[in-house]
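Participant: Okay, here's the structure, questions in a sec.
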Amino acid sequence: IIITAFVIISLCVFTYGKITATKPDIKLAMAGNIVIQPENEDKFQALLDERVNDINNDGEKKVFRPMYYIFYGSTQTGADYQLAMSQKLSIELMSQETFLFIFDKEQAKHYMSLPDAAFLKTEKWAENIPEELLVKDEYERAYGVSLKNSKMLEESGLDGSDMYLFIRCITNHEENRDALYEESIRMAKEIIR
């Protein structure tokens, strides 16, 4: 009886937690050798949550930030860990639920080699950005923006000199993905200011 009661209570608590959990309005994935101190992370998260619009109309404003720690050339993490993080990031890129990505320099170079349709060209979302802040591929097409001058990162106490913002192109227009995509573009403009 005690075990049955425990299982039922556990299921109820789990279900209640899932139903009442705050769902993020957008996601911002960060990948590479990006390490953020907890106090700076809290400030950055607060600024993101403050500036995002409540597009899912749940009365809460929330940005979810999955982190993918991928350190090329590191001996501290094993090859299995690097492979697992890279696979998780690849799934995130294909999900069409996350459109904003912040990469370090190594990740930016790696993902710049993806086909044309992977990331939105900066000319469509980043106006008046100096040439030296644009991340270009071998054909001089700009897809990313350096965050070294980002006011939002500066306010958070973060050094954006090795962070680059990219926007994943939308290929799936089902459900509310268009609203998610438009809000991601708007937030990208807030982040690069």
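Chain lettering (A, B, ...) mirrors the order of the structure tokens, residue numbering begins at 1 for each chain separately, and ligand numbering begins at 1 in order of display.
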Got a sec: who's within 12 Å of A:Asp178, counting only C-alpha atoms, leaving out chain neighbours fewer than 3 positions off, as a list in words?

Facilitator: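 Final neighbour list, sorted by chain and number: Ile26, Ile55, Gln96, Glu97, Thr98, Phe99, Cys169, Ile170, Thr171, Asn172, His173, Glu174, Glu175, Tyr181, Glu182, Glu183, Ser184 and Ile185 of chain A.
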
Participant: Export, as a compact mmCIF listing (two decimals), in the first residue's frame, the selected residues with N, CA and C atoms.

Facilitator:
# COMPACT_ATOMS: atom_id res chain seq x y z
N ILE A 26 11.16 31.76 -26.57
CA ILE A 26 12.14 31.41 -27.61
C ILE A 26 13.31 30.70 -26.95
N ILE A 55 5.25 35.53 -26.59
CA ILE A 55 4.59 35.08 -27.82
C ILE A 55 3.74 33.83 -27.62
N GLN A 96 14.15 23.13 -35.67
CA GLN A 96 13.22 24.21 -36.05
C GLN A 96 12.42 24.71 -34.85
N GLU A 97 13.00 24.55 -33.66
CA GLU A 97 12.44 25.15 -32.45
C GLU A 97 13.39 26.21 -31.90
N THR A 98 14.64 26.14 -32.33
CA THR A 98 15.65 27.10 -31.93
C THR A 98 16.18 27.78 -33.18
N PHE A 99 16.13 29.12 -33.19
CA PHE A 99 16.61 29.86 -34.34
C PHE A 99 17.81 30.73 -34.02
N CYS A 169 17.81 29.51 -40.51
CA CYS A 169 16.70 29.75 -41.44
C CYS A 169 15.51 28.86 -41.09
N ILE A 170 14.33 29.37 -41.33
CA ILE A 170 13.13 28.58 -41.08
C ILE A 170 12.82 27.76 -42.32
N THR A 171 12.55 26.48 -42.12
CA THR A 171 12.17 25.60 -43.23
C THR A 171 10.83 24.94 -42.98
N ASN A 172 10.36 25.01 -41.73
CA ASN A 172 9.11 24.37 -41.34
C ASN A 172 8.18 25.45 -40.80
N HIS A 173 7.10 25.72 -41.52
CA HIS A 173 6.18 26.80 -41.14
C HIS A 173 4.95 26.28 -40.39
N GLU A 174 5.03 25.09 -39.84
CA GLU A 174 3.89 24.53 -39.11
C GLU A 174 3.70 25.24 -37.78
N GLU A 175 2.52 25.04 -37.20
CA GLU A 175 2.15 25.55 -35.88
C GLU A 175 2.46 27.04 -35.76
N TYR A 181 9.96 32.46 -35.10
CA TYR A 181 11.04 32.92 -35.97
C TYR A 181 11.14 34.44 -35.97
N GLU A 182 10.00 35.13 -36.11
CA GLU A 182 9.99 36.59 -36.10
C GLU A 182 10.48 37.15 -34.77
N GLU A 183 10.07 36.51 -33.68
CA GLU A 183 10.53 36.98 -32.36
C GLU A 183 12.03 36.72 -32.19
N SER A 184 12.52 35.63 -32.75
CA SER A 184 13.96 35.34 -32.69
C SER A 184 14.75 36.41 -33.44
N ILE A 185 14.26 36.83 -34.59
CA ILE A 185 14.92 37.89 -35.36
C ILE A 185 14.90 39.20 -34.57

Participant: Show which residues sit within 12 Å of A:Lys124, as an NGL selection string. Count only C-alpha atoms, and ignore same-chain residues fewer than 5 positions away.

Facilitator: :A and (119 or 129 or 141-144 or 166-167 or 169 or 182 or 185-186 or 188-189)

Participant: Considering only C-alpha atoms, state which residue in the set A:Leu120, A:Met30, A:Ala108, A:Glu41 is at the smallest distance from A:Lys88.

Facilitator: A:Met30

Participant: Which residues come within 12 Å of A:Asn56, counting only C-alpha atoms, excluding same-chain residues fewer than 3 positions away, as a list of chain:residue names?

Facilitator: A:Thr22, A:Lys23, A:Pro24, A:Asp25, A:Ile26, A:Val52, A:Asn53, A:Gly59, A:Glu60, A:Lys61, A:Lys62, A:Val63, A:Glu175, A:Asn176, A:Arg177, A:Ala179, A:Leu180, A:Glu183

Participant: Identify, on the basis of only C-alpha atoms, every residue whose closest approach to A:Gly160 does not exceed 10 Å; exclude the query and any residue fewer than 6 positions from it along the same chain; express the result as a PDB file with all heavy atoms, in the first residue's frame.

Facilitator:
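Result went into part.pdb, see below:
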ATOM      1  N   ILE A  34      32.478  28.587 -24.405  1.00  0.00           N
ATOM      2  CA  ILE A  34      31.857  29.761 -23.789  1.00  0.00           C
ATOM      3  C   ILE A  34      31.542  29.400 -22.343  1.00  0.00           C
ATOM      4  O   ILE A  34      30.679  28.574 -22.081  1.00  0.00           O
ATOM      5  CB  ILE A  34      30.562  30.170 -24.530  1.00  0.00           C
ATOM      6  CG1 ILE A  34      30.864  30.531 -25.988  1.00  0.00           C
ATOM      7  CG2 ILE A  34      29.879  31.316 -23.810  1.00  0.00           C
ATOM      8  CD1 ILE A  34      29.637  30.770 -26.849  1.00  0.00           C
ATOM      9  N   ILE A 102      24.493  31.290 -30.551  1.00  0.00           N
ATOM     10  CA  ILE A 102      25.728  32.016 -30.277  1.00  0.00           C
ATOM     11  C   ILE A 102      26.844  30.975 -30.267  1.00  0.00           C
ATOM     12  O   ILE A 102      26.800  30.015 -29.494  1.00  0.00           O
ATOM     13  CB  ILE A 102      25.677  32.776 -28.939  1.00  0.00           C
ATOM     14  CG1 ILE A 102      24.650  33.900 -29.013  1.00  0.00           C
ATOM     15  CG2 ILE A 102      27.062  33.335 -28.596  1.00  0.00           C
ATOM     16  CD1 ILE A 102      24.484  34.692 -27.728  1.00  0.00           C
ATOM     17  N   ASP A 104      31.238  30.222 -30.438  1.00  0.00           N
ATOM     18  CA  ASP A 104      32.575  30.789 -30.317  1.00  0.00           C
ATOM     19  C   ASP A 104      33.209  30.749 -31.716  1.00  0.00           C
ATOM     20  O   ASP A 104      32.594  30.287 -32.679  1.00  0.00           O
ATOM     21  CB  ASP A 104      33.407  30.058 -29.264  1.00  0.00           C
ATOM     22  CG  ASP A 104      33.809  28.639 -29.674  1.00  0.00           C
ATOM     23  OD1 ASP A 104      33.354  28.149 -30.726  1.00  0.00           O
ATOM     24  OD2 ASP A 104      34.574  28.014 -28.930  1.00  0.00           O
ATOM     25  N   SER A 146      29.552  39.510 -34.833  1.00  0.00           N
ATOM     26  CA  SER A 146      30.349  39.466 -33.605  1.00  0.00           C
ATOM     27  C   SER A 146      29.607  40.224 -32.507  1.00  0.00           C
ATOM     28  O   SER A 146      28.999  41.272 -32.752  1.00  0.00           O
ATOM     29  CB  SER A 146      31.715  40.115 -33.842  1.00  0.00           C
ATOM     30  OG  SER A 146      32.386  40.281 -32.614  1.00  0.00           O
ATOM     31  N   LEU A 147      29.676  39.707 -31.291  1.00  0.00           N
ATOM     32  CA  LEU A 147      28.995  40.337 -30.163  1.00  0.00           C
ATOM     33  C   LEU A 147      29.939  41.136 -29.268  1.00  0.00           C
ATOM     34  O   LEU A 147      29.601  41.457 -28.142  1.00  0.00           O
ATOM     35  CB  LEU A 147      28.263  39.272 -29.346  1.00  0.00           C
ATOM     36  CG  LEU A 147      27.139  38.541 -30.076  1.00  0.00           C
ATOM     37  CD1 LEU A 147      26.521  37.474 -29.182  1.00  0.00           C
ATOM     38  CD2 LEU A 147      26.083  39.509 -30.568  1.00  0.00           C
ATOM     39  N   LYS A 148      31.117  41.477 -29.795  1.00  0.00           N
ATOM     40  CA  LYS A 148      32.077  42.183 -28.942  1.00  0.00           C
ATOM     41  C   LYS A 148      31.602  43.580 -28.556  1.00  0.00           C
ATOM     42  O   LYS A 148      32.049  44.123 -27.558  1.00  0.00           O
ATOM     43  CB  LYS A 148      33.458  42.226 -29.584  1.00  0.00           C
ATOM     44  CG  LYS A 148      33.616  43.118 -30.773  1.00  0.00           C
ATOM     45  CD  LYS A 148      35.062  43.062 -31.251  1.00  0.00           C
ATOM     46  CE  LYS A 148      35.302  43.948 -32.439  1.00  0.00           C
ATOM     47  NZ  LYS A 148      36.690  43.853 -32.890  1.00  0.00           N
ATOM     48  N   ASN A 149      30.657  44.168 -29.307  1.00  0.00           N
ATOM     49  CA  ASN A 149      30.116  45.486 -28.964  1.00  0.00           C
ATOM     50  C   ASN A 149      28.694  45.421 -28.416  1.00  0.00           C
ATOM     51  O   ASN A 149      28.018  46.448 -28.323  1.00  0.00           O
ATOM     52  CB  ASN A 149      30.140  46.399 -30.195  1.00  0.00           C
ATOM     53  CG  ASN A 149      31.545  46.715 -30.644  1.00  0.00           C
ATOM     54  OD1 ASN A 149      32.496  46.605 -29.886  1.00  0.00           O
ATOM     55  ND2 ASN A 149      31.693  47.097 -31.899  1.00  0.00           N
ATOM     56  N   SER A 150      28.215  44.236 -28.065  1.00  0.00           N
ATOM     57  CA  SER A 150      26.839  44.071 -27.590  1.00  0.00           C
ATOM     58  C   SER A 150      26.638  44.751 -26.230  1.00  0.00           C
ATOM     59  O   SER A 150      27.311  44.426 -25.257  1.00  0.00           O
ATOM     60  CB  SER A 150      26.499  42.589 -27.477  1.00  0.00           C
ATOM     61  OG  SER A 150      25.295  42.408 -26.760  1.00  0.00           O
ATOM     62  N   LYS A 151      25.698  45.676 -26.184  1.00  0.00           N
ATOM     63  CA  LYS A 151      25.388  46.373 -24.924  1.00  0.00           C
ATOM     64  C   LYS A 151      24.784  45.410 -23.904  1.00  0.00           C
ATOM     65  O   LYS A 151      25.036  45.514 -22.707  1.00  0.00           O
ATOM     66  CB  LYS A 151      24.417  47.532 -25.181  1.00  0.00           C
ATOM     67  CG  LYS A 151      24.964  48.595 -26.113  1.00  0.00           C
ATOM     68  CD  LYS A 151      25.974  49.465 -25.413  1.00  0.00           C
ATOM     69  CE  LYS A 151      26.398  50.610 -26.284  1.00  0.00           C
ATOM     70  NZ  LYS A 151      27.682  50.426 -26.899  1.00  0.00           N
ATOM     71  N   MET A 152      23.978  44.451 -24.396  1.00  0.00           N
ATOM     72  CA  MET A 152      23.344  43.493 -23.492  1.00  0.00           C
ATOM     73  C   MET A 152      24.397  42.634 -22.790  1.00  0.00           C
ATOM     74  O   MET A 152      24.323  42.407 -21.581  1.00  0.00           O
ATOM     75  CB  MET A 152      22.352  42.602 -24.240  1.00  0.00           C
ATOM     76  CG  MET A 152      21.547  41.697 -23.336  1.00  0.00           C
ATOM     77  SD  MET A 152      20.408  40.580 -24.203  1.00  0.00           S
ATOM     78  CE  MET A 152      19.183  41.718 -24.801  1.00  0.00           C
ATOM     79  N   LEU A 153      25.391  42.176 -23.545  1.00  0.00           N
ATOM     80  CA  LEU A 153      26.462  41.383 -22.932  1.00  0.00           C
ATOM     81  C   LEU A 153      27.288  42.243 -21.981  1.00  0.00           C
ATOM     82  O   LEU A 153      27.673  41.796 -20.899  1.00  0.00           O
ATOM     83  CB  LEU A 153      27.357  40.766 -24.001  1.00  0.00           C
ATOM     84  CG  LEU A 153      26.749  39.667 -24.867  1.00  0.00           C
ATOM     85  CD1 LEU A 153      27.764  39.140 -25.858  1.00  0.00           C
ATOM     86  CD2 LEU A 153      26.184  38.540 -24.044  1.00  0.00           C
ATOM     87  N   GLU A 154      27.532  43.477 -22.380  1.00  0.00           N
ATOM     88  CA  GLU A 154      28.300  44.396 -21.534  1.00  0.00           C
ATOM     89  C   GLU A 154      27.582  44.637 -20.209  1.00  0.00           C
ATOM     90  O   GLU A 154      28.196  44.610 -19.142  1.00  0.00           O
ATOM     91  CB  GLU A 154      28.505  45.714 -22.286  1.00  0.00           C
ATOM     92  CG  GLU A 154      29.456  46.666 -21.611  1.00  0.00           C
ATOM     93  CD  GLU A 154      29.623  47.945 -22.422  1.00  0.00           C
ATOM     94  OE1 GLU A 154      29.962  47.858 -23.616  1.00  0.00           O
ATOM     95  OE2 GLU A 154      29.400  49.022 -21.838  1.00  0.00           O
TER      96      GLU A 154
END

Participant: Can you list, as a list in words, every residue of stretch 42-86 of chain A that DSSP puts in strand (DSSP E or B)?

Facilitator: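 Filtering stretch 42-86 of chain A to strand (DSSP E or B) leaves Val63, Phe64, Met67, Tyr68 and Tyr69 of chain A.
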
Participant: Hey, which of A:Ala79, A:Met112, A:Val35, A:Ala118 ends up closest to A:Met94? Count only C-alpha atoms.

Facilitator: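 Closest residue, counting only C-alpha atoms: A:Ala118.
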
Participant: Please indicate the distance in Å from atom CA of A:Lys109 to atom CA of A:Val135, rounded to one decimal place.

Facilitator: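 Computed distance, atom CA of A:Lys109 to atom CA of A:Val135, equals 8.8 Å.
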
Participant: From the set A:Leu93, A:Ile192, A:Leu158, A:Leu48, which residue has the shortest atom-to-atom contact distance to A:Arg65, counting only C-alpha atoms?

Facilitator: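 Answer, going by the shortest atom-to-atom distance: A:Leu48.
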
Participant: Using only C-alpha atoms, which of the listed residues (A:Tyr16, A:Phe101, A:Ile191, A:Val7) sits closest to A:Ser156?

Facilitator: A:Ile191
